[in-house]
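Participant: What follows is my_file.cif; its format and atoms are mmCIF, C-alpha atoms.
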```cif
data_run
#
loop_
_atom_site.group_PDB
_atom_site.id
_atom_site.type_symbol
_atom_site.label_atom_id
_atom_site.label_comp_id
_atom_site.auth_asym_id
_atom_site.auth_seq_id
_atom_site.Cartn_x
_atom_site.Cartn_y
_atom_site.Cartn_z
ATOM 1 C CA MET A 208 25.874 -148.869 -72.500
ATOM 2 C CA THR A 209 29.495 -147.807 -71.963
ATOM 3 C CA GLU A 210 30.695 -145.184 -74.416
ATOM 4 C CA ARG A 211 33.649 -146.644 -76.265
ATOM 5 C CA PHE A 212 36.808 -144.777 -77.294
ATOM 6 C CA GLN A 213 39.024 -146.213 -80.026
ATOM 7 C CA ILE A 214 42.656 -145.474 -80.833
ATOM 8 C CA LEU A 215 44.611 -146.145 -84.012
ATOM 9 C CA SER A 216 48.362 -146.287 -83.328
ATOM 10 C CA LEU A 217 50.918 -146.332 -86.162
ATOM 11 C CA ASP A 218 54.593 -147.229 -85.678
ATOM 12 C CA GLY A 219 57.592 -145.636 -87.306
ATOM 13 C CA GLY A 220 59.643 -147.539 -89.862
ATOM 14 C CA GLY A 221 60.647 -145.452 -92.880
ATOM 15 C CA ILE A 222 59.490 -146.716 -96.247
ATOM 16 C CA ARG A 223 57.890 -149.659 -94.459
ATOM 17 C CA GLY A 224 55.012 -147.258 -93.802
ATOM 18 C CA MET A 225 53.900 -148.507 -97.200
ATOM 19 C CA PHE A 226 52.903 -151.718 -95.411
ATOM 20 C CA SER A 227 50.745 -149.841 -92.877
ATOM 21 C CA ALA A 228 49.014 -147.746 -95.540
ATOM 22 C CA ALA A 229 48.371 -150.788 -97.744
ATOM 23 C CA LEU A 230 46.981 -152.776 -94.814
ATOM 24 C CA LEU A 231 44.499 -150.008 -94.013
ATOM 25 C CA ALA A 232 43.590 -149.738 -97.706
ATOM 26 C CA HIS A 233 42.782 -153.474 -97.782
ATOM 27 C CA ILE A 234 40.549 -153.093 -94.724
ATOM 28 C CA GLU A 235 38.633 -150.269 -96.370
ATOM 29 C CA ARG A 236 38.203 -152.128 -99.661
ATOM 30 C CA ASP A 237 37.292 -155.491 -98.186
ATOM 31 C CA LEU A 238 34.883 -154.253 -95.534
ATOM 32 C CA GLY A 239 33.488 -151.233 -97.380
ATOM 33 C CA VAL A 240 34.347 -148.766 -94.621
ATOM 34 C CA SER A 241 36.269 -145.555 -94.057
ATOM 35 C CA ILE A 242 38.815 -146.356 -91.367
ATOM 36 C CA THR A 243 38.732 -142.881 -89.811
ATOM 37 C CA ASP A 244 35.005 -143.251 -89.111
ATOM 38 C CA HIS A 245 35.835 -145.815 -86.435
ATOM 39 C CA PHE A 246 38.689 -144.204 -84.480
ATOM 40 C CA ASP A 247 38.487 -141.248 -82.127
ATOM 41 C CA LEU A 248 42.232 -140.635 -81.727
ATOM 42 C CA ILE A 249 45.073 -141.388 -84.146
ATOM 43 C CA ALA A 250 48.704 -141.451 -83.024
ATOM 44 C CA GLY A 251 51.642 -141.915 -85.365
ATOM 45 C CA THR A 252 55.407 -141.731 -85.086
ATOM 46 C CA SER A 253 57.750 -140.982 -87.988
ATOM 47 C CA THR A 254 56.318 -142.677 -91.081
ATOM 48 C CA GLY A 255 53.284 -143.483 -88.921
ATOM 49 C CA GLY A 256 53.020 -139.755 -88.266
ATOM 50 C CA ILE A 257 52.742 -139.104 -92.001
ATOM 51 C CA ILE A 258 49.916 -141.636 -92.220
ATOM 52 C CA ALA A 259 48.165 -140.242 -89.132
ATOM 53 C CA LEU A 260 48.313 -136.696 -90.496
ATOM 54 C CA GLY A 261 47.072 -137.870 -93.876
ATOM 55 C CA LEU A 262 44.111 -139.720 -92.383
ATOM 56 C CA GLY A 263 43.211 -136.774 -90.162
ATOM 57 C CA LEU A 264 43.339 -134.389 -93.115
ATOM 58 C CA GLY A 265 40.996 -136.501 -95.203
ATOM 59 C CA LEU A 266 43.290 -138.650 -97.325
ATOM 60 C CA THR A 267 42.282 -142.265 -97.800
ATOM 61 C CA PRO A 268 44.766 -145.060 -97.057
ATOM 62 C CA GLU A 269 44.846 -145.709 -100.814
ATOM 63 C CA GLU A 270 45.932 -142.115 -101.439
ATOM 64 C CA ILE A 271 48.556 -142.337 -98.689
ATOM 65 C CA LEU A 272 49.845 -145.559 -100.223
ATOM 66 C CA GLY A 273 50.153 -143.668 -103.504
ATOM 67 C CA PHE A 274 52.314 -141.108 -101.698
ATOM 68 C CA TYR A 275 54.812 -143.831 -100.771
ATOM 69 C CA VAL A 276 54.735 -145.428 -104.214
ATOM 70 C CA ASP A 277 55.210 -142.098 -105.994
ATOM 71 C CA HIS A 278 57.806 -140.549 -103.670
ATOM 72 C CA GLY A 279 59.646 -143.475 -102.082
ATOM 73 C CA LYS A 280 62.638 -143.253 -104.407
ATOM 74 C CA SER A 281 62.938 -139.483 -104.095
ATOM 75 C CA MET A 282 62.775 -139.611 -100.292
ATOM 76 C CA PHE A 283 65.471 -142.300 -100.171
ATOM 77 C CA PRO A 284 67.503 -141.751 -103.366
ATOM 78 C CA ALA A 285 69.900 -144.546 -104.225
ATOM 79 C CA SER A 286 73.619 -143.815 -104.586
ATOM 80 C CA PRO A 287 76.749 -145.993 -104.435
ATOM 81 C CA PHE A 288 78.255 -143.471 -102.010
ATOM 82 C CA ARG A 289 75.425 -143.546 -99.450
ATOM 83 C CA ARG A 290 76.986 -146.195 -97.216
ATOM 84 C CA LEU A 291 80.273 -144.329 -97.059
ATOM 85 C CA ARG A 292 78.535 -141.007 -96.345
ATOM 86 C CA HIS A 293 76.480 -142.711 -93.638
ATOM 87 C CA LEU A 294 79.598 -143.411 -91.612
ATOM 88 C CA VAL A 295 80.262 -139.739 -90.953
ATOM 89 C CA ARG A 296 76.969 -137.859 -91.435
ATOM 90 C CA ASN A 297 73.271 -138.236 -92.191
ATOM 91 C CA LYS A 298 72.747 -140.676 -95.041
ATOM 92 C CA TYR A 299 70.295 -138.424 -96.909
ATOM 93 C CA ASP A 300 69.602 -134.733 -97.061
ATOM 94 C CA SER A 301 65.960 -133.916 -96.454
ATOM 95 C CA ARG A 302 65.139 -132.121 -99.709
ATOM 96 C CA GLY A 303 63.343 -135.060 -101.329
ATOM 97 C CA LEU A 304 61.346 -135.751 -98.184
ATOM 98 C CA GLU A 305 60.362 -132.105 -97.760
ATOM 99 C CA LEU A 306 59.248 -131.727 -101.366
ATOM 100 C CA ALA A 307 57.176 -134.905 -101.116
ATOM 101 C CA LEU A 308 55.478 -133.781 -97.895
ATOM 102 C CA ARG A 309 54.812 -130.285 -99.223
ATOM 103 C CA GLU A 310 53.184 -131.806 -102.292
ATOM 104 C CA CYS A 311 51.128 -134.169 -100.152
ATOM 105 C CA PHE A 312 49.860 -131.708 -97.526
ATOM 106 C CA GLY A 313 50.259 -128.311 -99.157
ATOM 107 C CA GLU A 314 49.709 -125.640 -96.514
ATOM 108 C CA GLN A 315 47.096 -127.567 -94.547
ATOM 109 C CA LEU A 316 47.362 -127.135 -90.800
ATOM 110 C CA ILE A 317 46.979 -129.721 -88.060
ATOM 111 C CA GLY A 318 43.908 -127.771 -86.987
ATOM 112 C CA GLU A 319 42.144 -128.926 -90.131
ATOM 113 C CA SER A 320 42.203 -132.550 -88.981
ATOM 114 C CA LYS A 321 38.844 -134.269 -88.643
ATOM 115 C CA ARG A 322 40.222 -136.564 -85.950
ATOM 116 C CA MET A 323 42.223 -135.983 -82.783
ATOM 117 C CA LEU A 324 45.937 -136.464 -83.457
ATOM 118 C CA VAL A 325 49.069 -137.001 -81.386
ATOM 119 C CA ILE A 326 52.406 -136.975 -83.234
ATOM 120 C CA PRO A 327 55.634 -137.642 -81.254
ATOM 121 C CA SER A 328 58.965 -135.984 -81.958
ATOM 122 C CA PHE A 329 62.033 -135.245 -79.798
ATOM 123 C CA ASP A 330 63.579 -131.877 -78.955
ATOM 124 C CA LEU A 331 67.291 -132.526 -79.277
ATOM 125 C CA ALA A 332 68.495 -129.158 -77.995
ATOM 126 C CA HIS A 333 66.448 -129.405 -74.796
ATOM 127 C CA THR A 334 66.676 -133.196 -74.430
ATOM 128 C CA ASP A 335 62.938 -133.459 -74.025
ATOM 129 C CA VAL A 336 60.015 -135.180 -75.679
ATOM 130 C CA ALA A 337 57.863 -133.190 -78.090
ATOM 131 C CA LEU A 338 54.241 -133.918 -78.970
ATOM 132 C CA PHE A 339 52.206 -132.212 -81.665
ATOM 133 C CA LYS A 340 48.465 -132.316 -81.088
ATOM 134 C CA THR A 341 45.158 -131.130 -82.400
ATOM 135 C CA ALA A 342 43.184 -128.688 -80.239
ATOM 136 C CA HIS A 343 41.398 -131.426 -78.290
ATOM 137 C CA HIS A 344 42.003 -129.712 -74.947
ATOM 138 C CA GLU A 345 41.532 -126.084 -73.964
ATOM 139 C CA ASP A 346 45.221 -125.788 -73.031
ATOM 140 C CA PHE A 347 46.360 -126.703 -76.560
ATOM 141 C CA VAL A 348 46.541 -123.316 -78.228
ATOM 142 C CA ARG A 349 49.576 -123.522 -80.525
ATOM 143 C CA ASP A 350 50.174 -126.839 -82.299
ATOM 144 C CA TYR A 351 46.989 -126.777 -84.368
ATOM 145 C CA LYS A 352 48.266 -123.658 -86.193
ATOM 146 C CA MET A 353 51.309 -125.504 -87.569
ATOM 147 C CA PRO A 354 51.545 -126.726 -91.169
ATOM 148 C CA ALA A 355 51.165 -130.489 -91.342
ATOM 149 C CA TRP A 356 54.236 -130.885 -93.553
ATOM 150 C CA LYS A 357 56.436 -129.288 -90.886
ATOM 151 C CA VAL A 358 55.150 -131.613 -88.179
ATOM 152 C CA ALA A 359 55.719 -134.537 -90.546
ATOM 153 C CA MET A 360 59.307 -133.389 -91.068
ATOM 154 C CA ALA A 361 59.824 -133.119 -87.304
ATOM 155 C CA THR A 362 58.585 -136.620 -86.573
ATOM 156 C CA THR A 363 60.504 -138.250 -89.473
ATOM 157 C CA ALA A 364 63.966 -136.710 -88.943
ATOM 158 C CA ALA A 365 65.545 -140.077 -88.150
ATOM 159 C CA PRO A 366 69.039 -139.776 -86.622
ATOM 160 C CA THR A 367 71.844 -140.781 -89.025
ATOM 161 C CA TYR A 368 69.341 -140.834 -91.923
ATOM 162 C CA PHE A 369 68.076 -137.238 -92.021
ATOM 163 C CA PRO A 370 69.253 -133.992 -90.393
ATOM 164 C CA GLY A 371 67.304 -132.544 -87.501
ATOM 165 C CA PHE A 372 64.418 -130.252 -88.429
ATOM 166 C CA SER A 373 64.617 -126.668 -87.157
ATOM 167 C CA GLN A 374 61.749 -124.828 -88.873
ATOM 168 C CA ILE A 375 59.406 -125.007 -85.892
ATOM 169 C CA GLU A 376 60.053 -122.313 -83.281
ATOM 170 C CA ASP A 377 63.820 -122.589 -83.866
ATOM 171 C CA ARG A 378 63.873 -125.950 -82.079
ATOM 172 C CA THR A 379 66.005 -128.861 -83.282
ATOM 173 C CA LEU A 380 63.514 -131.703 -83.662
ATOM 174 C CA ILE A 381 64.252 -135.308 -84.542
ATOM 175 C CA ASP A 382 62.345 -138.529 -85.131
ATOM 176 C CA GLY A 383 59.874 -139.434 -82.395
ATOM 177 C CA GLY A 384 61.091 -143.003 -82.750
ATOM 178 C CA VAL A 385 63.978 -142.275 -80.397
ATOM 179 C CA TRP A 386 61.467 -142.576 -77.545
ATOM 180 C CA ALA A 387 58.091 -143.666 -78.958
ATOM 181 C CA ASN A 388 58.522 -145.651 -82.160
ATOM 182 C CA ASN A 389 55.419 -147.533 -81.082
ATOM 183 C CA PRO A 390 53.171 -144.666 -79.904
ATOM 184 C CA THR A 391 50.508 -146.873 -78.308
ATOM 185 C CA MET A 392 51.303 -145.744 -74.767
ATOM 186 C CA VAL A 393 51.550 -142.117 -75.893
ATOM 187 C CA ALA A 394 48.011 -142.355 -77.256
ATOM 188 C CA LEU A 395 46.738 -144.228 -74.216
ATOM 189 C CA ALA A 396 48.235 -141.619 -71.870
ATOM 190 C CA GLU A 397 46.553 -138.892 -73.949
ATOM 191 C CA ALA A 398 43.187 -140.608 -73.746
ATOM 192 C CA VAL A 399 43.336 -141.317 -70.017
ATOM 193 C CA GLY A 400 45.386 -138.376 -68.736
ATOM 194 C CA ILE A 401 44.160 -135.544 -70.966
ATOM 195 C CA LEU A 402 40.763 -136.620 -72.266
ATOM 196 C CA LYS A 403 39.794 -138.437 -69.023
ATOM 197 C CA VAL A 404 38.520 -141.518 -70.827
ATOM 198 C CA PRO A 405 38.038 -144.475 -68.451
ATOM 199 C CA VAL A 406 40.492 -147.247 -69.278
ATOM 200 C CA ASP A 407 37.745 -149.860 -69.563
ATOM 201 C CA GLN A 408 36.199 -147.932 -72.469
ATOM 202 C CA ILE A 409 39.319 -148.008 -74.662
ATOM 203 C CA ARG A 410 40.166 -150.272 -77.581
ATOM 204 C CA ILE A 411 43.389 -149.954 -79.585
ATOM 205 C CA LEU A 412 44.460 -151.040 -83.072
ATOM 206 C CA SER A 413 48.266 -150.887 -83.174
ATOM 207 C CA ILE A 414 50.067 -151.375 -86.491
ATOM 208 C CA GLY A 415 53.803 -152.047 -86.551
ATOM 209 C CA THR A 416 56.324 -152.183 -89.387
ATOM 210 C CA PHE A 417 57.714 -155.679 -88.760
ATOM 211 C CA GLU A 418 59.327 -157.446 -85.845
ATOM 212 C CA GLU A 419 62.713 -158.844 -86.768
ATOM 213 C CA ILE A 420 63.524 -162.261 -85.389
ATOM 214 C CA SER A 421 67.157 -162.970 -84.636
ATOM 215 C CA ALA A 422 69.162 -164.117 -81.664
ATOM 216 C CA PRO A 423 71.150 -161.246 -80.115
ATOM 217 C CA PRO A 424 74.888 -161.686 -80.698
ATOM 218 C CA LYS A 425 76.517 -163.304 -77.663
ATOM 219 C CA ARG A 426 79.172 -160.611 -77.661
ATOM 220 C CA LEU A 427 76.583 -158.062 -76.495
ATOM 221 C CA THR A 428 76.342 -159.692 -73.070
ATOM 222 C CA THR A 429 79.866 -158.529 -72.283
ATOM 223 C CA GLY A 430 80.255 -155.933 -75.023
ATOM 224 C CA GLY A 431 81.626 -152.436 -74.774
ATOM 225 C CA LEU A 432 81.203 -149.336 -76.909
ATOM 226 C CA LEU A 433 82.330 -150.908 -80.177
ATOM 227 C CA GLN A 434 80.079 -153.952 -79.854
ATOM 228 C CA TRP A 435 76.999 -151.967 -78.872
ATOM 229 C CA ALA A 436 77.452 -149.034 -81.270
ATOM 230 C CA ARG A 437 76.163 -150.970 -84.276
ATOM 231 C CA LEU A 438 73.218 -152.687 -82.618
ATOM 232 C CA SER A 439 72.142 -150.323 -79.869
ATOM 233 C CA ALA A 440 69.471 -148.466 -81.902
ATOM 234 C CA LYS A 441 67.711 -151.643 -83.052
ATOM 235 C CA THR A 442 67.905 -153.180 -79.601
ATOM 236 C CA ILE A 443 66.487 -150.093 -77.904
ATOM 237 C CA MET A 444 63.709 -149.756 -80.488
ATOM 238 C CA ALA A 445 62.739 -153.416 -80.150
ATOM 239 C CA GLY A 446 62.619 -153.013 -76.398
ATOM 240 C CA GLN A 447 60.452 -149.897 -76.612
ATOM 241 C CA ASN A 448 58.037 -151.589 -79.037
ATOM 242 C CA ALA A 449 57.637 -154.631 -76.804
ATOM 243 C CA GLY A 450 57.317 -152.522 -73.667
ATOM 244 C CA ALA A 451 54.625 -150.256 -75.133
ATOM 245 C CA LYS A 452 52.554 -153.242 -76.240
ATOM 246 C CA LYS A 453 52.730 -155.031 -72.899
ATOM 247 C CA GLN A 454 52.078 -151.910 -70.831
ATOM 248 C CA ALA A 455 49.023 -151.060 -72.930
ATOM 249 C CA GLN A 456 47.745 -154.641 -72.723
ATOM 250 C CA LEU A 457 48.064 -154.520 -68.944
ATOM 251 C CA MET A 458 46.007 -151.332 -68.804
ATOM 252 C CA VAL A 459 43.222 -152.026 -71.316
ATOM 253 C CA GLY A 460 43.261 -155.835 -71.356
ATOM 254 C CA LYS A 461 44.701 -158.148 -74.002
ATOM 255 C CA GLU A 462 41.330 -158.535 -75.684
ATOM 256 C CA ASN A 463 41.087 -154.762 -76.233
ATOM 257 C CA LEU A 464 44.433 -154.288 -78.007
ATOM 258 C CA VAL A 465 44.971 -155.724 -81.464
ATOM 259 C CA ARG A 466 48.611 -155.533 -82.552
ATOM 260 C CA ILE A 467 49.511 -156.212 -86.199
ATOM 261 C CA ASN A 468 53.263 -156.519 -86.580
ATOM 262 C CA PRO A 469 54.404 -159.387 -88.844
ATOM 263 C CA VAL A 470 57.530 -161.295 -87.905
ATOM 264 C CA THR A 471 60.296 -161.171 -90.512
ATOM 265 C CA PRO A 472 63.885 -162.399 -90.775
ATOM 266 C CA LYS A 473 66.544 -159.946 -89.683
ATOM 267 C CA GLY A 474 67.428 -157.336 -92.308
ATOM 268 C CA LEU A 475 64.794 -158.408 -94.841
ATOM 269 C CA TYR A 476 63.033 -155.020 -94.984
ATOM 270 C CA GLN A 477 65.286 -152.001 -94.400
ATOM 271 C CA LEU A 478 63.646 -148.696 -93.482
ATOM 272 C CA ASP A 479 65.123 -147.010 -96.574
ATOM 273 C CA ALA A 480 64.911 -149.907 -99.067
ATOM 274 C CA TYR A 481 62.235 -149.276 -101.706
ATOM 275 C CA THR A 482 60.713 -152.758 -102.180
ATOM 276 C CA PRO A 483 57.035 -152.113 -102.970
ATOM 277 C CA LYS A 484 56.151 -155.584 -104.256
ATOM 278 C CA GLU A 485 57.338 -157.298 -101.085
ATOM 279 C CA LEU A 486 55.748 -154.731 -98.734
ATOM 280 C CA LEU A 487 52.415 -154.812 -100.555
ATOM 281 C CA GLY A 488 52.429 -158.602 -100.485
ATOM 282 C CA LYS A 489 53.000 -158.578 -96.736
ATOM 283 C CA ALA A 490 50.114 -156.135 -96.283
ATOM 284 C CA ALA A 491 47.763 -158.268 -98.365
ATOM 285 C CA MET A 492 48.541 -161.365 -96.290
ATOM 286 C CA ALA A 493 48.392 -159.638 -92.887
ATOM 287 C CA SER A 494 45.136 -157.819 -93.661
ATOM 288 C CA LYS A 495 43.437 -161.034 -94.810
ATOM 289 C CA HIS A 496 44.515 -162.843 -91.657
ATOM 290 C CA LYS A 497 43.481 -160.033 -89.275
ATOM 291 C CA MET A 498 40.276 -158.938 -91.037
ATOM 292 C CA PRO A 499 37.861 -160.954 -88.854
ATOM 293 C CA ILE A 500 39.212 -159.639 -85.549
ATOM 294 C CA ILE A 501 39.339 -156.061 -86.874
ATOM 295 C CA ARG A 502 35.695 -156.271 -87.933
ATOM 296 C CA LYS A 503 34.629 -157.829 -84.642
ATOM 297 C CA THR A 504 36.651 -155.554 -82.356
ATOM 298 C CA PHE A 505 36.447 -152.101 -83.960
ATOM 299 C CA LEU A 506 33.850 -151.656 -86.676
ATOM 300 C CA ASP A 507 30.753 -151.576 -84.481
ATOM 301 C CA HIS A 508 31.922 -148.225 -83.098
ATOM 302 C CA LYS A 509 31.389 -144.957 -84.953
ATOM 303 C CA ALA A 510 33.531 -142.078 -83.718
ATOM 304 C CA PRO A 511 31.600 -138.831 -83.188
ATOM 305 C CA PRO A 512 32.764 -135.752 -85.111
ATOM 306 C CA PHE A 513 35.820 -134.100 -83.589
ATOM 307 C CA VAL A 514 34.921 -130.738 -82.072
ATOM 308 C CA PRO A 515 38.027 -128.720 -81.031
ATOM 309 C CA ALA A 516 38.134 -127.543 -77.431
ATOM 310 C CA ASN A 517 39.439 -124.201 -78.642
ATOM 311 C CA PRO A 518 37.571 -122.162 -81.271
ATOM 312 C CA LEU A 519 39.548 -122.211 -84.482
ATOM 313 C CA SER A 520 39.746 -119.300 -86.861
ATOM 314 C CA PRO A 521 37.255 -119.623 -89.724
ATOM 315 C CA GLU A 522 39.903 -120.339 -92.349
ATOM 316 C CA ILE A 523 41.036 -123.521 -90.569
ATOM 317 C CA GLN A 524 37.743 -124.981 -89.422
ATOM 318 C CA PRO A 525 37.888 -128.791 -89.895
#
```
Let me see the structure of the file written as structure tokens.

Facilitator:
Amino acid sequence: MTERFQILSLDGGGIRGMFSAALLAHIERDLGVSITDHFDLIAGTSTGGIIALGLGLGLTPEEILGFYVDHGKSMFPASPFRRLRHLVRNKYDSRGLELALRECFGEQLIGESKRMLVIPSFDLAHTDVALFKTAHHEDFVRDYKMPAWKVAMATTAAPTYFPGFSQIEDRTLIDGGVWANNPTMVALAEAVGILKVPVDQIRILSIGTFEEISAPPKRLTTGGLLQWARLSAKTIMAGQNAGAKKQAQLMVGKENLVRINPVTPKGLYQLDAYTPKELLGKAAMASKHKMPIIRKTFLDHKAPPFVPANPLSPEIQP
């Protein structure tokens, strides 16, 4: 029998991470399982990075959902002057986000994770990708010693919303969503390239934070700087999300990648709009619809305990 390897991939999307956490909580309640028992590697970008870190460090999806419910307003505080401020600098300072993450993770380190993790960020000063990982390879000797809250800050520092994060090795780190908002291919590359897992053994559950449906404005076909400035980020992110899904499907087969990413009208769910009732309703509907395929595709696999490739110091043994 072929040894299977399963990946859980979690998109970025700000407060819409509440949807992802709630969806996973529904799966656990309805099927009577612990989701982390069934996945060998968890990848998460931005808000998905918070969820990935939480799952790895032993929080349940229900507890992670509580994090969003309790801290959503403090992470994205409302103010009539926000829109004006947003024109010239980051919309929010990061104090509310940092306090929330410190309360959630305390001083826990990535090395305490019970599952392999990959968390994307971007090194702005060096114009290079940044990945934070557990010690699942003998060459990974540094990341696992980092506090989880700092890695969460690095992956969630969304341009124009939060300032860059510079408390890790004096680097200026920003949201991993600038290159891997959907981290499916990041996780797949880790599994195949680093862990040497054969592609035909891999199954992936990929959870997005909504696909907006709208026709691109005709002016973009001939537009210049002014026309593209407002829509470039959303267009690039949509392209990256679609590309990651299709590349991964090509590699592992369509039947081995389950993507949950509900379609919504343009602008209905903003990444900083605290709308818990609507997000929880979406999660309830999506989880009910996808429950049969999740059970069939993923729940017959039990992930073995994660054993770090490097010996960890006794105080941070997972």

Participant: Check the smallest atom-to-atom distance from each of A:His233, A:Lys452, A:His343, A:Lys352 to Ile501 (chain A) using only C-alpha atoms, then report the winner.

Facilitator: A:His233

Participant: Evaluate the PyMOL selection byres ((chain A and resi 396) around 12) on the structure here and hand back the selected residues as a list in words.

Facilitator: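 For this structure, the PyMOL selection byres ((chain A and resi 396) around 12) captures Ile214, Leu248, Ala250, Val325, Pro390, Thr391, Met392, Val393, Ala394, Leu395, Glu397, Ala398, Val399, Gly400, Ile401, Leu402, Lys403, Val404, Pro405, Val406, Ile409, Ala451, Gln454, Ala455, Met458 and Val459 of chain A.
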
Participant: Write out as a list in words each polymer residue whose atoms come within 8 Å of Thr504 (chain A), counting all atoms listed in the file; drop sequence neighbours fewer than 4 positions from it.

Facilitator: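 Surrounding residues, per the criterion: Arg410, Asn463 and Ile500 of chain A.
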
Participant: Given only C-alpha atoms as the basis, pick out the residue of A:Ala228, A:Leu306, A:Val465, A:Leu486 nearest to Lys503 (chain A).

Facilitator: A:Val465

Participant: Since I can't run it myself right now, could you work out what the PyMOL selection byres ((chain A and resi 232) around 8) selects here and report it as a list of chain:residue names?

Facilitator: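 This file, filtered by the PyMOL selection byres ((chain A and resi 232) around 8), leaves A:Ala228, A:Ala229, A:Leu230, A:Leu231, A:His233, A:Ile234, A:Glu235, A:Arg236, A:Thr267, A:Pro268, A:Glu269, A:Leu272.
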
Participant: Store the residues of this selection in a file with C-alpha atoms, as a compact mmCIF listing (two decimals), in the frame of the given file.

Facilitator:
```txt
# COMPACT_ATOMS: atom_id res chain seq x y z
CA ALA A 228 49.01 -147.75 -95.54
CA ALA A 229 48.37 -150.79 -97.74
CA LEU A 230 46.98 -152.78 -94.81
CA LEU A 231 44.50 -150.01 -94.01
CA HIS A 233 42.78 -153.47 -97.78
CA ILE A 234 40.55 -153.09 -94.72
CA GLU A 235 38.63 -150.27 -96.37
CA ARG A 236 38.20 -152.13 -99.66
CA THR A 267 42.28 -142.26 -97.80
CA PRO A 268 44.77 -145.06 -97.06
CA GLU A 269 44.85 -145.71 -100.81
CA LEU A 272 49.84 -145.56 -100.22
```

Participant: Which residues of region 262-358 of chain A come within 12 Å of region 374-382 of chain A, and what is each one's closest atom pair and distance in Å (one decimal), counting all atoms listed in the file, sorted by chain and residue number, as a Markdown table?

Facilitator:
```
| residue | atom | partner | partner_atom | distance |
| --- | --- | --- | --- | --- |
| A:Glu305 | CA | A:Gln374 | CA | 11.6 |
| A:Ile326 | CA | A:Asp382 | CA | 10.2 |
| A:Pro327 | CA | A:Asp382 | CA | 7.8 |
| A:Ser328 | CA | A:Asp382 | CA | 5.3 |
| A:Phe329 | CA | A:Ile381 | CA | 5.2 |
| A:Asp330 | CA | A:Leu380 | CA | 4.7 |
| A:Leu331 | CA | A:Thr379 | CA | 5.6 |
| A:Ala332 | CA | A:Thr379 | CA | 5.9 |
| A:His333 | CA | A:Arg378 | CA | 8.5 |
| A:Thr334 | CA | A:Leu380 | CA | 9.9 |
| A:Asp335 | CA | A:Leu380 | CA | 9.8 |
| A:Val336 | CA | A:Leu380 | CA | 9.4 |
| A:Ala337 | CA | A:Leu380 | CA | 8.1 |
| A:Leu338 | CA | A:Leu380 | CA | 10.6 |
| A:Phe339 | CA | A:Ile375 | CA | 11.0 |
| A:Arg349 | CA | A:Glu376 | CA | 10.9 |
| A:Asp350 | CA | A:Ile375 | CA | 10.1 |
| A:Lys352 | CA | A:Ile375 | CA | 11.2 |
| A:Met353 | CA | A:Ile375 | CA | 8.3 |
| A:Pro354 | CA | A:Ile375 | CA | 9.6 |
| A:Ala355 | CA | A:Ile375 | CA | 11.3 |
| A:Trp356 | CA | A:Gln374 | CA | 10.7 |
| A:Lys357 | CA | A:Ile375 | CA | 7.2 |
| A:Val358 | CA | A:Ile375 | CA | 8.2 |
```

Participant: What does the structure give for the distance between CA of Ser320 (chain A) and CA of Val240 (chain A), in Å to one decimal?

Facilitator: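 Computed distance, CA of Ser320 (chain A) to CA of Val240 (chain A), equals 18.9 Å.
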
Participant: For Asn297 (chain A), which residue among A:Met225, A:Ala445, A:Ala365, A:Leu506 is the nearest when counting all atoms listed in the file?

Facilitator: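 Residue with the minimum atom-to-atom distance to Asn297 (chain A): A:Ala365.
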
Participant: Quick one: residues within 8 Å of Ser227 (chain A), all atoms listed in the file counted, chain neighbours fewer than 3 positions away excluded, as an mmCIF file with C-alpha atoms, in the coordinates of the input?

Facilitator:
```
data_model
loop_
_atom_site.group_PDB
_atom_site.id
_atom_site.type_symbol
_atom_site.label_atom_id
_atom_site.label_comp_id
_atom_site.auth_asym_id
_atom_site.auth_seq_id
_atom_site.Cartn_x
_atom_site.Cartn_y
_atom_site.Cartn_z
ATOM 1 C CA LEU A 217 50.918 -146.332 -86.162
ATOM 2 C CA ARG A 223 57.890 -149.659 -94.459
ATOM 3 C CA GLY A 224 55.012 -147.258 -93.802
ATOM 4 C CA LEU A 230 46.981 -152.776 -94.814
ATOM 5 C CA LEU A 231 44.499 -150.008 -94.013
ATOM 6 C CA GLY A 255 53.284 -143.483 -88.921
ATOM 7 C CA ILE A 414 50.067 -151.375 -86.491
ATOM 8 C CA GLY A 415 53.803 -152.047 -86.551
ATOM 9 C CA THR A 416 56.324 -152.183 -89.387
ATOM 10 C CA ALA A 490 50.114 -156.135 -96.283
#
```

Participant: Go ahead and fit an axis-aligned box to every listed atom of region 440-458 of chain A plus 5 Å each side, and pass me the centre and edge lengths in Å, one decimal, as JSON.

Facilitator:
```
{"center_x": 57.7, "center_y": -151.7, "center_z": -75.9, "size_x": 33.5, "size_y": 16.6, "size_z": 24.2}
```

Participant: If the PyMOL selection byres ((chain A and resi 469-479) around 8) is run on the structure shown, which residues does it catch, given as a ChimeraX atom specification?

Facilitator: /A:220-223,283,415-421,467-468,480-482,493
